[in-house]
>>> print(open('start31.pdb').read())   # PDB, C-alpha atoms
MODEL        1
ATOM      1  CA  MET Z 195       0.000   0.000   0.000  1.00  0.00           C
ATOM      2  CA  GLY Z 196       1.200   3.504  -0.780  1.00  0.00           C
ATOM      3  CA  ARG Z 197       1.596   6.237   1.794  1.00  0.00           C
ATOM      4  CA  PRO Z 198      -1.606   8.140   2.685  1.00  0.00           C
ATOM      5  CA  MET Z 199      -1.958  11.434   0.889  1.00  0.00           C
ATOM      6  CA  SER Z 200      -1.052  14.458   3.002  1.00  0.00           C
ATOM      7  CA  VAL Z 201      -3.434  17.367   2.503  1.00  0.00           C
ATOM      8  CA  VAL Z 202      -0.814  19.810   3.762  1.00  0.00           C
ATOM      9  CA  ALA Z 203       1.843  18.445   1.376  1.00  0.00           C
ATOM     10  CA  SER Z 204      -0.607  18.587  -1.514  1.00  0.00           C
ATOM     11  CA  ILE Z 205      -1.448  22.232  -0.811  1.00  0.00           C
ATOM     12  CA  ARG Z 206       2.229  23.100  -0.387  1.00  0.00           C
ATOM     13  CA  ARG Z 207       3.106  21.606  -3.788  1.00  0.00           C
ATOM     14  CA  ASN Z 208       0.522  23.840  -5.443  1.00  0.00           C
ATOM     15  CA  LEU Z 209       1.584  27.074  -3.750  1.00  0.00           C
ATOM     16  CA  ALA Z 210       4.277  29.128  -5.476  1.00  0.00           C
ATOM     17  CA  PRO Z 211       7.055  30.455  -3.222  1.00  0.00           C
ATOM     18  CA  ILE Z 212       7.506  34.189  -2.667  1.00  0.00           C
ATOM     19  CA  HIS Z 213      10.452  35.727  -4.489  1.00  0.00           C
ATOM     20  CA  PRO Z 214      13.053  37.192  -2.073  1.00  0.00           C
ATOM     21  CA  GLU Z 215      12.451  40.650  -3.585  1.00  0.00           C
ATOM     22  CA  GLY Z 216       8.987  40.521  -2.027  1.00  0.00           C
ATOM     23  CA  TYR Z 217       9.921  39.610   1.561  1.00  0.00           C
ATOM     24  CA  LEU Z 218      10.251  43.231   2.706  1.00  0.00           C
ATOM     25  CA  PHE Z 219       6.939  44.231   1.141  1.00  0.00           C
ATOM     26  CA  VAL Z 220       4.997  41.261   2.484  1.00  0.00           C
ATOM     27  CA  GLY Z 221       6.520  41.832   5.925  1.00  0.00           C
ATOM     28  CA  GLY Z 222       5.564  45.506   5.820  1.00  0.00           C
ATOM     29  CA  PHE Z 223       1.985  44.664   4.868  1.00  0.00           C
ATOM     30  CA  ALA Z 224       1.834  42.114   7.700  1.00  0.00           C
ATOM     31  CA  VAL Z 225       3.055  44.621  10.304  1.00  0.00           C
ATOM     32  CA  ALA Z 226       0.548  47.205   9.056  1.00  0.00           C
ATOM     33  CA  THR Z 227      -2.187  44.581   9.329  1.00  0.00           C
ATOM     34  CA  LEU Z 228      -1.379  43.940  13.001  1.00  0.00           C
ATOM     35  CA  ILE Z 229      -1.506  47.674  13.711  1.00  0.00           C
ATOM     36  CA  LEU Z 230      -4.821  48.067  11.874  1.00  0.00           C
ATOM     37  CA  TRP Z 231      -6.243  45.076  13.737  1.00  0.00           C
ATOM     38  CA  TRP Z 232      -5.289  46.696  17.031  1.00  0.00           C
ATOM     39  CA  ILE Z 233      -6.998  49.949  15.961  1.00  0.00           C
ATOM     40  CA  TRP Z 234     -10.180  48.369  14.570  1.00  0.00           C
ATOM     41  CA  SER Z 235     -10.752  44.745  13.497  1.00  0.00           C
ATOM     42  CA  PRO Z 236     -12.549  45.544  10.173  1.00  0.00           C
ATOM     43  CA  LEU Z 237      -9.416  47.467   9.128  1.00  0.00           C
ATOM     44  CA  GLY Z 238      -7.370  44.446  10.120  1.00  0.00           C
ATOM     45  CA  TRP Z 239      -9.345  42.229   7.744  1.00  0.00           C
ATOM     46  CA  LEU Z 240      -8.663  44.703   4.933  1.00  0.00           C
ATOM     47  CA  GLY Z 241      -4.981  44.615   5.835  1.00  0.00           C
ATOM     48  CA  LEU Z 242      -4.987  40.816   5.772  1.00  0.00           C
ATOM     49  CA  ILE Z 243      -6.488  40.831   2.279  1.00  0.00           C
ATOM     50  CA  ALA Z 244      -3.830  43.325   1.153  1.00  0.00           C
ATOM     51  CA  THR Z 245      -1.073  41.170   2.686  1.00  0.00           C
ATOM     52  CA  LEU Z 246      -2.323  38.048   0.908  1.00  0.00           C
ATOM     53  CA  TRP Z 247      -2.476  39.988  -2.367  1.00  0.00           C
ATOM     54  CA  CYS Z 248       1.119  41.209  -1.874  1.00  0.00           C
ATOM     55  CA  ALA Z 249       2.302  37.641  -1.302  1.00  0.00           C
ATOM     56  CA  PHE Z 250       0.394  36.568  -4.416  1.00  0.00           C
ATOM     57  CA  PHE Z 251       1.944  39.394  -6.440  1.00  0.00           C
ATOM     58  CA  PHE Z 252       5.509  38.370  -5.556  1.00  0.00           C
ATOM     59  CA  ARG Z 253       4.940  34.669  -6.253  1.00  0.00           C
ATOM     60  CA  ASP Z 254       7.698  32.899  -8.167  1.00  0.00           C
ATOM     61  CA  PRO Z 255       6.382  29.650  -9.685  1.00  0.00           C
ATOM     62  CA  ALA Z 256       8.623  27.135 -11.416  1.00  0.00           C
ATOM     63  CA  ARG Z 257       8.321  26.985 -15.193  1.00  0.00           C
ATOM     64  CA  VAL Z 258       9.160  24.326 -17.811  1.00  0.00           C
ATOM     65  CA  THR Z 259      10.889  25.989 -20.784  1.00  0.00           C
ATOM     66  CA  PRO Z 260      11.283  24.408 -24.254  1.00  0.00           C
ATOM     67  CA  GLN Z 261      15.007  24.204 -25.005  1.00  0.00           C
ATOM     68  CA  ARG Z 262      15.294  24.802 -28.747  1.00  0.00           C
ATOM     69  CA  SER Z 263      17.558  27.354 -30.390  1.00  0.00           C
ATOM     70  CA  ASP Z 264      14.951  28.470 -32.945  1.00  0.00           C
ATOM     71  CA  LEU Z 265      12.278  29.311 -30.349  1.00  0.00           C
ATOM     72  CA  ILE Z 266      11.749  32.600 -28.515  1.00  0.00           C
ATOM     73  CA  VAL Z 267       9.680  32.317 -25.351  1.00  0.00           C
ATOM     74  CA  ALA Z 268       7.653  34.890 -23.461  1.00  0.00           C
ATOM     75  CA  PRO Z 269       9.688  36.889 -20.921  1.00  0.00           C
ATOM     76  CA  ALA Z 270       6.636  37.778 -18.829  1.00  0.00           C
ATOM     77  CA  ASP Z 271       3.193  36.644 -17.751  1.00  0.00           C
ATOM     78  CA  GLY Z 272       0.332  38.700 -19.123  1.00  0.00           C
ATOM     79  CA  ILE Z 273      -1.638  39.729 -22.195  1.00  0.00           C
ATOM     80  CA  VAL Z 274      -0.023  40.268 -25.602  1.00  0.00           C
ATOM     81  CA  CYS Z 275      -0.920  43.909 -26.262  1.00  0.00           C
ATOM     82  CA  PHE Z 276       1.211  44.414 -29.397  1.00  0.00           C
ATOM     83  CA  ALA Z 277       2.562  42.122 -32.115  1.00  0.00           C
ATOM     84  CA  GLY Z 278       3.988  43.850 -35.185  1.00  0.00           C
ATOM     85  CA  PHE Z 279       6.682  46.268 -36.344  1.00  0.00           C
ATOM     86  CA  ALA Z 280       7.986  49.132 -34.193  1.00  0.00           C
ATOM     87  CA  ALA Z 281      11.152  51.214 -33.842  1.00  0.00           C
ATOM     88  CA  PRO Z 282      13.424  49.883 -31.072  1.00  0.00           C
ATOM     89  CA  PRO Z 283      14.877  52.172 -28.384  1.00  0.00           C
ATOM     90  CA  PRO Z 284      18.231  53.643 -29.485  1.00  0.00           C
ATOM     91  CA  GLU Z 285      20.196  52.141 -26.579  1.00  0.00           C
ATOM     92  CA  LEU Z 286      19.770  48.620 -28.003  1.00  0.00           C
ATOM     93  CA  GLY Z 287      21.891  49.612 -31.022  1.00  0.00           C
ATOM     94  CA  PHE Z 288      19.535  48.156 -33.648  1.00  0.00           C
ATOM     95  CA  GLY Z 289      19.338  51.380 -35.673  1.00  0.00           C
ATOM     96  CA  MET Z 290      16.271  53.457 -36.528  1.00  0.00           C
ATOM     97  CA  GLY Z 291      14.457  50.956 -38.743  1.00  0.00           C
ATOM     98  CA  PRO Z 292      11.402  49.137 -37.348  1.00  0.00           C
ATOM     99  CA  LEU Z 293      11.770  45.583 -36.035  1.00  0.00           C
ATOM    100  CA  GLN Z 294       9.224  42.962 -35.125  1.00  0.00           C
ATOM    101  CA  ARG Z 295       8.113  43.454 -31.547  1.00  0.00           C
ATOM    102  CA  VAL Z 296       5.959  41.516 -29.115  1.00  0.00           C
ATOM    103  CA  SER Z 297       4.737  43.436 -26.067  1.00  0.00           C
ATOM    104  CA  ILE Z 298       3.271  41.765 -22.984  1.00  0.00           C
ATOM    105  CA  PHE Z 299       1.281  43.799 -20.463  1.00  0.00           C
ATOM    106  CA  MET Z 300       1.383  42.630 -16.847  1.00  0.00           C
ATOM    107  CA  SER Z 301      -1.509  43.605 -14.584  1.00  0.00           C
ATOM    108  CA  VAL Z 302      -1.156  43.747 -10.799  1.00  0.00           C
ATOM    109  CA  PHE Z 303      -2.538  40.193 -10.679  1.00  0.00           C
ATOM    110  CA  ASP Z 304       0.135  38.655 -12.950  1.00  0.00           C
ATOM    111  CA  CYS Z 305       3.396  37.113 -11.796  1.00  0.00           C
ATOM    112  CA  HIS Z 306       6.045  39.829 -12.284  1.00  0.00           C
ATOM    113  CA  VAL Z 307       9.226  37.737 -12.427  1.00  0.00           C
ATOM    114  CA  ASN Z 308      10.758  38.236 -15.892  1.00  0.00           C
ATOM    115  CA  ARG Z 309      12.624  35.470 -17.739  1.00  0.00           C
ATOM    116  CA  ALA Z 310      15.116  35.310 -20.605  1.00  0.00           C
ATOM    117  CA  PRO Z 311      13.392  34.772 -23.980  1.00  0.00           C
ATOM    118  CA  VAL Z 312      16.413  32.961 -25.472  1.00  0.00           C
ATOM    119  CA  GLU Z 313      19.710  31.393 -24.471  1.00  0.00           C
ATOM    120  CA  GLY Z 314      22.726  33.598 -25.113  1.00  0.00           C
ATOM    121  CA  ARG Z 315      25.204  36.167 -23.878  1.00  0.00           C
ATOM    122  CA  VAL Z 316      24.100  39.475 -22.385  1.00  0.00           C
ATOM    123  CA  GLU Z 317      25.842  42.090 -24.540  1.00  0.00           C
ATOM    124  CA  ARG Z 318      24.356  45.256 -23.076  1.00  0.00           C
ATOM    125  CA  ILE Z 319      22.165  46.502 -20.223  1.00  0.00           C
ATOM    126  CA  VAL Z 320      21.071  50.146 -20.281  1.00  0.00           C
ATOM    127  CA  TYR Z 321      18.813  51.802 -17.706  1.00  0.00           C
ATOM    128  CA  HIS Z 322      16.801  54.803 -18.970  1.00  0.00           C
ATOM    129  CA  PRO Z 323      14.930  57.063 -16.491  1.00  0.00           C
ATOM    130  CA  GLY Z 324      11.572  58.390 -17.588  1.00  0.00           C
ATOM    131  CA  LEU Z 325       7.863  58.800 -16.892  1.00  0.00           C
ATOM    132  CA  PHE Z 326       5.330  56.395 -15.387  1.00  0.00           C
ATOM    133  CA  LEU Z 327       2.534  56.380 -17.950  1.00  0.00           C
ATOM    134  CA  ASN Z 328       0.062  53.517 -18.254  1.00  0.00           C
ATOM    135  CA  ALA Z 329       2.237  50.644 -19.529  1.00  0.00           C
ATOM    136  CA  ASP Z 330      -0.587  49.487 -21.810  1.00  0.00           C
ATOM    137  CA  LEU Z 331      -0.104  52.596 -23.981  1.00  0.00           C
ATOM    138  CA  ASP Z 332       2.284  52.316 -26.956  1.00  0.00           C
ATOM    139  CA  LYS Z 333       3.805  55.688 -25.992  1.00  0.00           C
ATOM    140  CA  ALA Z 334       5.157  54.017 -22.849  1.00  0.00           C
ATOM    141  CA  SER Z 335       7.879  52.331 -24.963  1.00  0.00           C
ATOM    142  CA  GLU Z 336       9.448  55.743 -25.621  1.00  0.00           C
ATOM    143  CA  ASP Z 337       8.636  57.852 -22.555  1.00  0.00           C
ATOM    144  CA  ASN Z 338       8.515  55.535 -19.543  1.00  0.00           C
ATOM    145  CA  GLU Z 339      11.321  54.482 -17.253  1.00  0.00           C
ATOM    146  CA  ARG Z 340      12.857  51.336 -18.739  1.00  0.00           C
ATOM    147  CA  ASN Z 341      15.704  48.852 -18.608  1.00  0.00           C
ATOM    148  CA  SER Z 342      16.952  47.557 -21.974  1.00  0.00           C
ATOM    149  CA  ILE Z 343      18.783  44.236 -22.320  1.00  0.00           C
ATOM    150  CA  LEU Z 344      20.500  43.005 -25.495  1.00  0.00           C
ATOM    151  CA  ILE Z 345      21.073  39.235 -25.754  1.00  0.00           C
ATOM    152  CA  SER Z 346      23.228  37.656 -28.463  1.00  0.00           C
ATOM    153  CA  SER Z 347      21.873  34.179 -29.248  1.00  0.00           C
ATOM    154  CA  ALA Z 348      22.422  31.462 -31.848  1.00  0.00           C
ATOM    155  CA  SER Z 349      19.312  32.747 -33.610  1.00  0.00           C
ATOM    156  CA  GLY Z 350      20.416  36.388 -33.669  1.00  0.00           C
ATOM    157  CA  ARG Z 351      20.308  39.400 -31.386  1.00  0.00           C
ATOM    158  CA  VAL Z 352      17.203  39.756 -29.246  1.00  0.00           C
ATOM    159  CA  GLY Z 353      16.285  42.923 -27.374  1.00  0.00           C
ATOM    160  CA  LEU Z 354      14.250  42.862 -24.172  1.00  0.00           C
ATOM    161  CA  VAL Z 355      12.935  46.040 -22.546  1.00  0.00           C
ATOM    162  CA  GLN Z 356      11.465  46.132 -19.037  1.00  0.00           C
ATOM    163  CA  ILE Z 357       9.077  49.106 -18.871  1.00  0.00           C
ATOM    164  CA  ALA Z 358       7.745  50.631 -15.660  1.00  0.00           C
ATOM    165  CA  GLY Z 359       4.020  51.340 -15.532  1.00  0.00           C
ATOM    166  CA  LEU Z 360       1.518  53.680 -13.911  1.00  0.00           C
ATOM    167  CA  VAL Z 361       1.875  52.009 -10.505  1.00  0.00           C
ATOM    168  CA  ALA Z 362       5.324  50.433 -10.949  1.00  0.00           C
ATOM    169  CA  ARG Z 363       8.146  52.421  -9.409  1.00  0.00           C
ATOM    170  CA  ARG Z 364      11.046  49.984  -9.466  1.00  0.00           C
ATOM    171  CA  ILE Z 365      12.644  47.835 -12.148  1.00  0.00           C
ATOM    172  CA  VAL Z 366      14.932  45.125 -10.773  1.00  0.00           C
ATOM    173  CA  CYS Z 367      17.511  43.393 -12.982  1.00  0.00           C
ATOM    174  CA  PHE Z 368      19.136  40.170 -11.752  1.00  0.00           C
ATOM    175  CA  ILE Z 369      21.834  39.827 -14.434  1.00  0.00           C
ATOM    176  CA  GLN Z 370      24.947  41.685 -15.564  1.00  0.00           C
ATOM    177  CA  GLU Z 371      26.621  42.423 -18.883  1.00  0.00           C
ATOM    178  CA  GLY Z 372      28.699  39.500 -20.106  1.00  0.00           C
ATOM    179  CA  ALA Z 373      26.597  36.889 -18.308  1.00  0.00           C
ATOM    180  CA  HIS Z 374      25.321  33.795 -20.094  1.00  0.00           C
ATOM    181  CA  VAL Z 375      21.600  33.175 -19.659  1.00  0.00           C
ATOM    182  CA  SER Z 376      19.452  30.163 -20.477  1.00  0.00           C
ATOM    183  CA  ALA Z 377      16.017  30.435 -22.039  1.00  0.00           C
ATOM    184  CA  GLY Z 378      13.507  30.755 -19.218  1.00  0.00           C
ATOM    185  CA  GLU Z 379      16.103  31.857 -16.647  1.00  0.00           C
ATOM    186  CA  ARG Z 380      14.968  34.531 -14.181  1.00  0.00           C
ATOM    187  CA  ILE Z 381      16.465  37.864 -15.229  1.00  0.00           C
ATOM    188  CA  GLY Z 382      14.459  40.521 -13.404  1.00  0.00           C
ATOM    189  CA  LEU Z 383      11.267  41.775 -11.827  1.00  0.00           C
ATOM    190  CA  ILE Z 384       9.085  44.870 -12.075  1.00  0.00           C
ATOM    191  CA  ARG Z 385       7.014  45.924  -9.094  1.00  0.00           C
ATOM    192  CA  PHE Z 386       3.269  46.506  -9.412  1.00  0.00           C
ATOM    193  CA  GLY Z 387       2.019  46.581 -13.013  1.00  0.00           C
ATOM    194  CA  SER Z 388       4.201  47.067 -16.079  1.00  0.00           C
ATOM    195  CA  ARG Z 389       5.174  45.796 -19.532  1.00  0.00           C
ATOM    196  CA  VAL Z 390       7.949  43.929 -21.339  1.00  0.00           C
ATOM    197  CA  ASP Z 391       8.825  44.445 -25.024  1.00  0.00           C
ATOM    198  CA  VAL Z 392      10.771  41.867 -27.046  1.00  0.00           C
ATOM    199  CA  TYR Z 393      12.492  42.945 -30.289  1.00  0.00           C
ATOM    200  CA  LEU Z 394      13.025  39.989 -32.583  1.00  0.00           C
ATOM    201  CA  PRO Z 395      15.668  39.075 -35.200  1.00  0.00           C
ATOM    202  CA  PRO Z 396      14.629  39.783 -38.832  1.00  0.00           C
ATOM    203  CA  SER Z 397      14.235  36.063 -39.571  1.00  0.00           C
ATOM    204  CA  ALA Z 398      11.770  35.496 -36.703  1.00  0.00           C
ATOM    205  CA  GLN Z 399       8.093  34.794 -37.245  1.00  0.00           C
ATOM    206  CA  ILE Z 400       5.625  35.858 -34.547  1.00  0.00           C
ATOM    207  CA  VAL Z 401       3.392  32.953 -33.525  1.00  0.00           C
ATOM    208  CA  VAL Z 402       1.204  34.597 -30.858  1.00  0.00           C
ATOM    209  CA  GLY Z 403      -1.858  36.753 -31.458  1.00  0.00           C
ATOM    210  CA  LEU Z 404      -3.060  39.974 -29.904  1.00  0.00           C
ATOM    211  CA  GLU Z 405      -4.976  39.597 -26.641  1.00  0.00           C
ATOM    212  CA  SER Z 406      -3.624  36.059 -26.120  1.00  0.00           C
ATOM    213  CA  ARG Z 407      -2.261  35.180 -22.674  1.00  0.00           C
ATOM    214  CA  ALA Z 408       1.458  34.494 -22.313  1.00  0.00           C
ATOM    215  CA  VAL Z 409       3.216  32.521 -19.590  1.00  0.00           C
ATOM    216  CA  ALA Z 410       6.807  33.563 -18.894  1.00  0.00           C
ATOM    217  CA  GLY Z 411       9.360  30.924 -19.837  1.00  0.00           C
ATOM    218  CA  GLU Z 412       6.775  28.612 -21.418  1.00  0.00           C
ATOM    219  CA  THR Z 413       4.719  30.328 -24.141  1.00  0.00           C
ATOM    220  CA  VAL Z 414       6.488  30.420 -27.521  1.00  0.00           C
ATOM    221  CA  ILE Z 415       6.024  33.913 -28.973  1.00  0.00           C
ATOM    222  CA  ALA Z 416       8.198  33.572 -32.095  1.00  0.00           C
ATOM    223  CA  GLN Z 417      10.105  31.010 -34.152  1.00  0.00           C
ATOM    224  CA  ILE Z 418      13.184  31.555 -36.252  1.00  0.00           C
ATOM    225  CA  SER Z 419      12.655  28.725 -38.756  1.00  0.00           C
ATOM    226  CA  ALA Z 420      10.078  26.127 -39.661  1.00  0.00           C
ATOM    227  CA  GLY Z 421      12.419  23.221 -38.876  1.00  0.00           C
ATOM    228  CA  MET Z 422      11.214  20.163 -37.006  1.00  0.00           C
ATOM    229  CA  GLU Z 423      13.994  20.048 -34.424  1.00  0.00           C
ATOM    230  CA  ALA Z 424      12.870  17.994 -31.442  1.00  0.00           C
ATOM    231  CA  ARG Z 425      12.070  19.989 -28.293  1.00  0.00           C
ATOM    232  CA  THR Z 426      13.593  19.326 -24.907  1.00  0.00           C
ATOM    233  CA  PHE Z 427      12.445  21.045 -21.725  1.00  0.00           C
ATOM    234  CA  GLN Z 428      14.114  22.504 -18.655  1.00  0.00           C
ATOM    235  CA  ARG Z 429      12.429  23.265 -15.330  1.00  0.00           C
ATOM    236  CA  SER Z 430      13.413  26.551 -13.686  1.00  0.00           C
TER
ENDMDL
END
>>> encode(input="start31.pdb", output="structure tokens")
Amino acid sequence: MGRPMSVVASIRRNLAPIHPEGYLFVGGFAVATLILWWIWSPLGWLGLIATLWCAFFFRDPARVTPQRSDLIVAPADGIVCFAGFAAPPPELGFGMGPLQRVSIFMSVFDCHVNRAPVEGRVERIVYHPGLFLNADLDKASEDNERNSILISSASGRVGLVQIAGLVARRIVCFIQEGAHVSAGERIGLIRFGSRVDVYLPPSAQIVVGLESRAVAGETVIAQISAGMEARTFQRS
């Protein structure tokens, strides 16, 4: 006979851990909740809800990424709000001509841990201060605070831009120039609502549609060729 199923173990397996970047925020919400509860219990219940939401926001679930050199995976959870041609930011060094771009908008209910769209070497990281417009607006690509990352891969150079949003006030980058990243590897985080743009090599073909939902590290957003190379997967 097998071991009896543990309800606690089953629940624990289905709960995503909190990313370390969120510990301070969750702790702050928890302390505020205790104070509110001491002042008036209905306020304490509101604080508890806010604390649970903060823990949910900073969740960091494991992902299973297809390991194939001709695939480009989503760097963020959220809704595809743009898929077409657009001029890249100058700091990526792609020139002024338009490139294919996929933009993913993250609401305050999406997981905000960003992942590498391809395997390769990080050539350049450039932080650009700016405004905090609604990240769902196309103008946010030019005017908002952003962090641009250029990755040189076997399929070509891929640009990734973390864009702060209306509520977001901090872009966190986990990697440095010269580092080697794997597809699906955690590379950064944006706090409280934002967007990520991916600029694709000329030979790439976008395979996601507008308003479709992307899962960071798992959803294929573009493919370089139509080859039938077998896929392997890596959990991260």
>>> resolve_selection(input="start31.pdb", expression="the PyMOL selection byres ((chain Z and resi 276-289) around 8)", output="list in words")
Val274, Cys275, Met290, Gly291, Pro292, Leu293, Gln294, Arg295, Val296, Ser297, Ile298, Arg318, Val320, Ser335, Glu336, Ser342, Ile343, Leu344, Gly353, Tyr393, Ile400, Val402, Gly403 and Leu404 of chain Z
>>> resolve_selection(input="start31.pdb", expression="the PyMOL selection byres ((chain Z and resi 384) around 10)", output="ChimeraX atom specification")
/Z:252,300,305-308,356-359,362-367,382-383,385-390
>>> write_last_selection(input="start31.pdb", atoms="C-alpha atoms", output="CSV table (one decimal), in the coordinates of the input")
chain,number,residue,atom,x,y,z
Z,252,PHE,CA,5.5,38.4,-5.6
Z,300,MET,CA,1.4,42.6,-16.8
Z,305,CYS,CA,3.4,37.1,-11.8
Z,306,HIS,CA,6.0,39.8,-12.3
Z,307,VAL,CA,9.2,37.7,-12.4
Z,308,ASN,CA,10.8,38.2,-15.9
Z,356,GLN,CA,11.5,46.1,-19.0
Z,357,ILE,CA,9.1,49.1,-18.9
Z,358,ALA,CA,7.7,50.6,-15.7
Z,359,GLY,CA,4.0,51.3,-15.5
Z,362,ALA,CA,5.3,50.4,-10.9
Z,363,ARG,CA,8.1,52.4,-9.4
Z,364,ARG,CA,11.0,50.0,-9.5
Z,365,ILE,CA,12.6,47.8,-12.1
Z,366,VAL,CA,14.9,45.1,-10.8
Z,367,CYS,CA,17.5,43.4,-13.0
Z,382,GLY,CA,14.5,40.5,-13.4
Z,383,LEU,CA,11.3,41.8,-11.8
Z,385,ARG,CA,7.0,45.9,-9.1
Z,386,PHE,CA,3.3,46.5,-9.4
Z,387,GLY,CA,2.0,46.6,-13.0
Z,388,SER,CA,4.2,47.1,-16.1
Z,389,ARG,CA,5.2,45.8,-19.5
Z,390,VAL,CA,7.9,43.9,-21.3
>>> closest_residue(input="start31.pdb", among="Z:Leu237, Z:Leu246, Z:Val258, Z:Ile229", to="Ala410 of chain Z", atoms="all atoms listed in the file")
Z:Val258
>>> closest_residue(input="start31.pdb", among="Z:Val414, Z:Ala373, Z:Leu242, Z:Ile266", to="Leu228 of chain Z", atoms="all atoms listed in the file")
Z:Leu242
>>> atom_distance(input="start31.pdb", atom1="atom CA of Glu339 of chain Z", atom2="atom CA of Val392 of chain Z")
16.0 Å
>>> atom_distance(input="start31.pdb", atom1="atom CA of Arg340 of chain Z", atom2="atom CA of Gly216 of chain Z")
20.3 Å
>>> closest_residue(input="start31.pdb", among="Z:Pro396, Z:Pro260, Z:Pro211, Z:Gly221", to="Ala244 of chain Z", atoms="only C-alpha atoms")
Z:Gly221
